[in-house]
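Below is the file model.txt, which contains compact mmCIF, C-alpha atoms.
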```txt
# COMPACT_ATOMS: atom_id res chain seq x y z
CA MET A 1 134.09 76.57 72.87
CA ALA A 2 134.10 73.19 74.62
CA ASN A 3 137.89 73.27 74.91
CA GLN A 4 137.90 76.58 76.83
CA THR A 5 138.84 75.98 80.45
CA LEU A 6 139.31 78.20 83.51
CA ARG A 7 140.46 77.24 86.99
CA THR A 8 139.23 79.27 89.98
CA ASN A 9 140.47 79.58 93.54
CA SER A 10 138.31 81.45 96.07
CA THR A 11 139.46 82.64 99.49
CA ILE A 12 137.65 84.60 102.17
CA VAL A 13 140.48 86.86 103.28
CA GLU A 14 138.59 89.04 105.76
CA SER A 15 135.32 88.84 107.61
CA TRP A 16 133.54 91.21 109.95
CA GLN A 17 130.13 91.45 111.52
CA GLY A 18 127.72 91.68 108.59
CA GLY A 19 130.12 91.03 105.72
CA TYR A 20 133.31 89.71 104.22
CA LYS A 21 135.92 90.11 101.48
CA LEU A 22 136.18 87.34 98.87
CA GLU A 23 139.20 87.09 96.58
CA LEU A 24 138.86 85.01 93.42
CA THR A 25 141.84 84.00 91.29
CA ILE A 26 140.93 82.99 87.74
CA THR A 27 143.57 81.09 85.73
CA SER A 28 143.09 80.20 82.09
CA GLU A 29 144.05 76.70 81.01
CA SER A 30 143.38 77.55 77.37
CA ASN A 31 143.04 80.71 75.29
CA ILE A 32 139.66 82.28 76.14
CA ASP A 33 138.21 85.37 74.50
CA ASN A 34 135.42 87.45 76.00
CA TRP A 35 134.82 85.19 79.04
CA THR A 36 131.94 85.57 81.50
CA LEU A 37 131.34 83.81 84.82
CA ASP A 38 127.88 83.43 86.40
CA PHE A 39 126.98 82.68 90.01
CA ASP A 40 124.07 82.83 92.44
CA LEU A 41 124.27 84.48 95.85
CA PRO A 42 120.67 85.04 96.98
CA SER A 43 120.08 86.83 100.31
CA TYR A 44 123.52 88.48 100.06
CA ASN A 45 124.50 91.85 98.59
CA ILE A 46 127.70 92.55 96.69
CA ARG A 47 128.68 96.04 97.79
CA GLY A 48 131.81 96.30 95.64
CA ALA A 49 133.62 94.40 92.91
CA TYR A 50 137.20 95.15 91.82
CA GLY A 51 139.09 93.81 88.81
CA VAL A 52 135.92 92.69 87.01
CA ASP A 53 132.79 94.18 85.48
CA LEU A 54 129.89 92.92 87.63
CA VAL A 55 126.25 92.74 86.53
CA LYS A 56 123.47 92.05 89.05
CA ASN A 57 120.79 89.90 87.41
CA LYS A 58 117.44 88.80 88.89
CA ASN A 59 116.89 86.80 92.10
CA GLY A 60 120.43 87.05 93.51
CA SER A 61 122.10 85.97 90.28
CA TYR A 62 125.28 87.74 89.10
CA SER A 63 127.53 87.75 86.03
CA PHE A 64 131.01 89.19 85.63
CA SER A 65 133.75 89.46 83.06
CA GLY A 66 137.33 90.69 83.05
CA GLN A 67 138.10 94.40 82.92
CA GLY A 68 140.33 95.96 80.29
CA GLY A 69 143.23 93.73 79.34
CA TRP A 70 141.79 90.79 81.30
CA ARG A 71 138.72 90.46 79.06
CA ASP A 72 140.61 87.87 76.99
CA LEU A 73 142.98 85.41 78.66
CA ASP A 74 145.79 83.45 77.05
CA LYS A 75 146.69 80.01 78.39
CA GLY A 76 148.38 80.39 81.79
CA GLU A 77 147.25 84.00 82.41
CA THR A 78 145.63 84.84 85.74
CA ALA A 79 143.07 87.51 86.60
CA LYS A 80 142.00 88.47 90.11
CA ALA A 81 138.58 89.59 91.32
CA ILE A 82 137.77 91.01 94.74
CA PHE A 83 134.22 91.17 96.07
CA ILE A 84 133.02 93.03 99.17
CA ILE A 85 129.86 91.22 100.30
CA ASP A 86 127.19 92.02 102.88
CA ASP A 87 126.05 88.74 104.48
CA TYR A 88 123.40 90.15 106.86
CA GLY A 89 124.56 87.83 109.66
CA GLN A 90 124.30 84.64 107.56
CA GLY A 91 128.07 84.07 107.52
CA ALA A 92 130.59 84.08 104.71
CA LYS A 93 129.80 81.90 101.69
CA ILE A 94 131.79 81.05 98.59
CA PRO A 95 129.46 80.77 95.57
CA GLU A 96 129.68 78.20 92.77
CA PHE A 97 131.01 79.88 89.61
CA GLU A 98 129.98 78.78 86.11
CA LEU A 99 131.78 79.66 82.89
CA ARG A 100 129.36 80.25 80.04
CA ASP A 101 129.65 77.65 77.26
CA ALA A 102 132.87 76.14 78.62
CA GLN A 103 134.43 74.31 81.55
CA ILE A 104 135.48 75.60 84.94
CA PHE A 105 137.36 73.83 87.70
CA THR A 106 137.15 75.06 91.29
CA GLN A 107 139.32 74.31 94.27
CA PRO A 108 138.02 72.04 97.05
CA LYS A 109 135.53 73.67 99.43
CA ASN A 110 137.72 75.23 102.08
CA THR A 111 137.02 78.61 103.55
CA VAL A 112 139.93 80.59 104.95
CA VAL A 113 139.16 83.59 107.13
CA HIS A 114 141.94 85.91 108.25
CA GLN A 115 140.90 88.51 110.79
CA PRO A 116 142.25 92.01 110.16
CA SER A 117 144.79 93.23 112.68
CA VAL A 118 144.15 96.25 114.90
CA THR A 119 146.78 98.96 115.06
CA SER A 120 147.48 101.82 117.41
CA LYS A 121 149.20 105.19 117.00
CA ASN A 122 152.40 104.41 118.91
CA SER A 123 155.03 102.34 117.10
CA LYS A 124 157.28 100.24 119.33
CA VAL A 125 160.17 98.08 118.18
CA GLU A 126 162.71 95.89 119.98
CA GLU A 127 165.63 98.10 118.94
CA VAL A 128 165.60 101.51 117.24
CA ALA A 129 168.11 100.37 114.61
CA ASP A 130 165.72 97.60 113.48
CA ARG A 131 162.74 99.81 112.57
CA VAL A 132 162.00 98.40 109.15
CA ILE A 133 158.61 98.12 107.47
CA ASP A 134 158.56 97.64 103.72
CA THR A 135 155.54 98.72 101.70
CA ASN A 136 154.63 97.83 98.14
CA ALA A 137 151.64 99.65 96.62
CA SER A 138 149.82 99.01 93.37
CA ILE A 139 146.64 100.29 91.75
CA THR A 140 144.56 97.15 91.10
CA ALA A 141 141.43 98.81 89.69
CA ASP A 142 140.83 102.16 88.04
CA TRP A 143 137.55 103.78 87.00
CA TYR A 144 136.23 107.24 86.19
CA GLY A 145 136.39 109.23 89.43
CA GLY A 146 138.36 106.75 91.54
CA TYR A 147 140.68 103.80 91.92
CA LYS A 148 141.59 100.95 94.26
CA LEU A 149 145.03 100.95 95.86
CA GLU A 150 146.37 97.77 97.48
CA VAL A 151 149.33 98.05 99.85
CA ASP A 152 151.42 95.09 101.02
CA ILE A 153 153.14 95.77 104.36
CA THR A 154 156.07 93.57 105.39
CA GLY A 155 157.92 93.82 108.69
CA GLY A 156 161.69 93.53 108.30
CA SER A 157 162.10 93.19 112.06
CA LYS A 158 159.93 92.58 115.09
CA VAL A 159 157.61 95.60 115.03
CA LYS A 160 154.84 96.12 117.58
CA ASP A 161 151.92 98.52 117.36
CA TRP A 162 153.06 99.86 114.00
CA VAL A 163 151.58 102.82 112.14
CA VAL A 164 152.17 103.95 108.56
CA ASP A 165 151.55 107.64 107.84
CA PHE A 166 150.84 108.94 104.35
CA LYS A 167 149.51 112.05 102.63
CA LEU A 168 146.86 112.08 99.93
CA PRO A 169 145.80 115.73 99.56
CA SER A 170 142.76 116.53 97.40
CA TYR A 171 141.57 112.89 97.48
CA SER A 172 138.92 111.17 99.55
CA ILE A 173 139.27 107.60 100.83
CA ARG A 174 135.91 105.84 100.60
CA GLY A 175 136.88 102.61 102.33
CA ALA A 176 139.80 100.77 103.90
CA TYR A 177 139.96 97.05 104.56
CA GLY A 178 142.29 95.12 106.84
CA ILE A 179 143.50 98.21 108.72
CA ASP A 180 142.28 100.91 111.06
CA LEU A 181 142.37 104.13 109.05
CA VAL A 182 142.50 107.45 110.91
```

Would you mind writing the file out in structure tokens?
Amino acid sequence: MANQTLRTNSTIVESWQGGYKLELTITSESNIDNWTLDFDLPSYNIRGAYGVDLVKNKNGSYSFSGQGGWRDLDKGETAKAIFIIDDYGQGAKIPEFELRDAQIFTQPKNTVVHQPSVTSKNSKVEEVADRVIDTNASITADWYGGYKLEVDITGGSKVKDWVVDFKLPSYSIRGAYGIDLV
């Protein structure tokens, strides 16, 4: 197993009073079967984990492995994990990840925090003919009784105070991150 190698890249993509969202990209530099990463995050609470199977161990220690088809990684494949973390006012922290019985390389310690934008109900654009907002949606995690939907929103023109309406009858949205959901 000594020749099994993963490379990780962690980014804090959102933060708010009391918590933050951590995205972790895991790239395999060799073929790895049945991988597991361990890390310590004492005094913090992981409220949600997407794209991985997370196990809370003792004393703020955690372990996780890939879900479904990402349990085994071929050389060059990338898996993505998203963690929603309560920091209890301590500030956002990127933990040190350890790959069991193998090597792991992490990016230099740099924390990037992007604040979520605030939207209103009235869309205004420079010109009516230029009202273009492209959306791209994908289900990034799926479990019994629910799923996680990520939506990329791209402005094709200068759009101010934009709003995207959608219908999802017979479903309940448990959380939304990076937007104001009404």

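Between Gln4 of chain A and the residues A:Leu168, A:Leu37, A:Ile32, A:Leu22, the shortest atom-to-atom distance, using all atoms listed in the file, involves A:Ile32.
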
9 Å contact set for Asn45 of chain A, only C-alpha atoms, chain neighbours under 4 positions out, as a list in words: Leu41, Gly60, Ile84, Ile85, Asp86, Asp87 and Tyr88 of chain A

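Interatomic distance, atom CA of Ile153 of chain A against atom CA of Tyr50 of chain A: 20.3 Å.
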
Separation of atom CA of Ser10 of chain A from atom CA of Thr25 of chain A in Å: 6.5 Å

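Our summary of the geometry notes that atom CA of Ala81 of chain A is positioned 7.1 Å from atom CA of Ala49 of chain A.
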
Taking all atoms of segment 3-11 of chain A that the file lists and extending 5 Å past them on each side, where is the centre of the axis-aligned box and how long are its edges? Answer in Å to one decimal, as lines of an AutoDock Vina configuration file.
```
center_x = 139.2
center_y = 78.0
center_z = 87.2
size_x = 12.6
size_y = 19.4
size_z = 34.6
```

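Every residue within 7 Å of the file position (139.6, 90.2, 103.5), judged by all atoms listed in the file, is given as A:Ile12, A:Val13, A:Glu14, A:Ser15, A:Tyr20, A:Lys21, A:Leu22, A:His114, A:Tyr177, A:Gly178.
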
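Comparing A:Asn31, A:Gly51, A:Phe97, A:Lys80 by their smallest distance to Ser63 of chain A, the closest is A:Phe97 (using all atoms listed in the file).
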
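Among the candidate residues A:Ser61, A:Thr78, A:Gln90, A:Ser43, the one lying nearest to Leu6 of chain A is A:Thr78, with distances computed using only C-alpha atoms.
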
Counting only C-alpha atoms, note down every residue that has an atom within 7 Å of the point (137.0, 87.2, 80.9) (file coordinates), as a PDB file with C-alpha atoms, in the coordinates of the input.
```
ATOM      1  CA  ASP A  33     138.210  85.370  74.500  1.00  0.00           C
ATOM      2  CA  ASN A  34     135.420  87.450  76.000  1.00  0.00           C
ATOM      3  CA  TRP A  35     134.820  85.190  79.040  1.00  0.00           C
ATOM      4  CA  THR A  36     131.940  85.570  81.500  1.00  0.00           C
ATOM      5  CA  SER A  65     133.750  89.460  83.060  1.00  0.00           C
ATOM      6  CA  GLY A  66     137.330  90.690  83.050  1.00  0.00           C
ATOM      7  CA  TRP A  70     141.790  90.790  81.300  1.00  0.00           C
ATOM      8  CA  ARG A  71     138.720  90.460  79.060  1.00  0.00           C
ATOM      9  CA  ASP A  72     140.610  87.870  76.990  1.00  0.00           C
ATOM     10  CA  LEU A  73     142.980  85.410  78.660  1.00  0.00           C
TER      11      LEU A  73
END
```

Shortest interatomic distance to Thr11 of chain A - which of A:Asp38, A:Asp74, A:Glu29, A:Ala92, counting all atoms listed in the file: A:Ala92

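Compared by their closest atoms to Trp16 of chain A, and using only C-alpha atoms, the residues A:Asp165, A:Tyr171, A:Ala176, A:Gly91 rank with A:Gly91 nearest.
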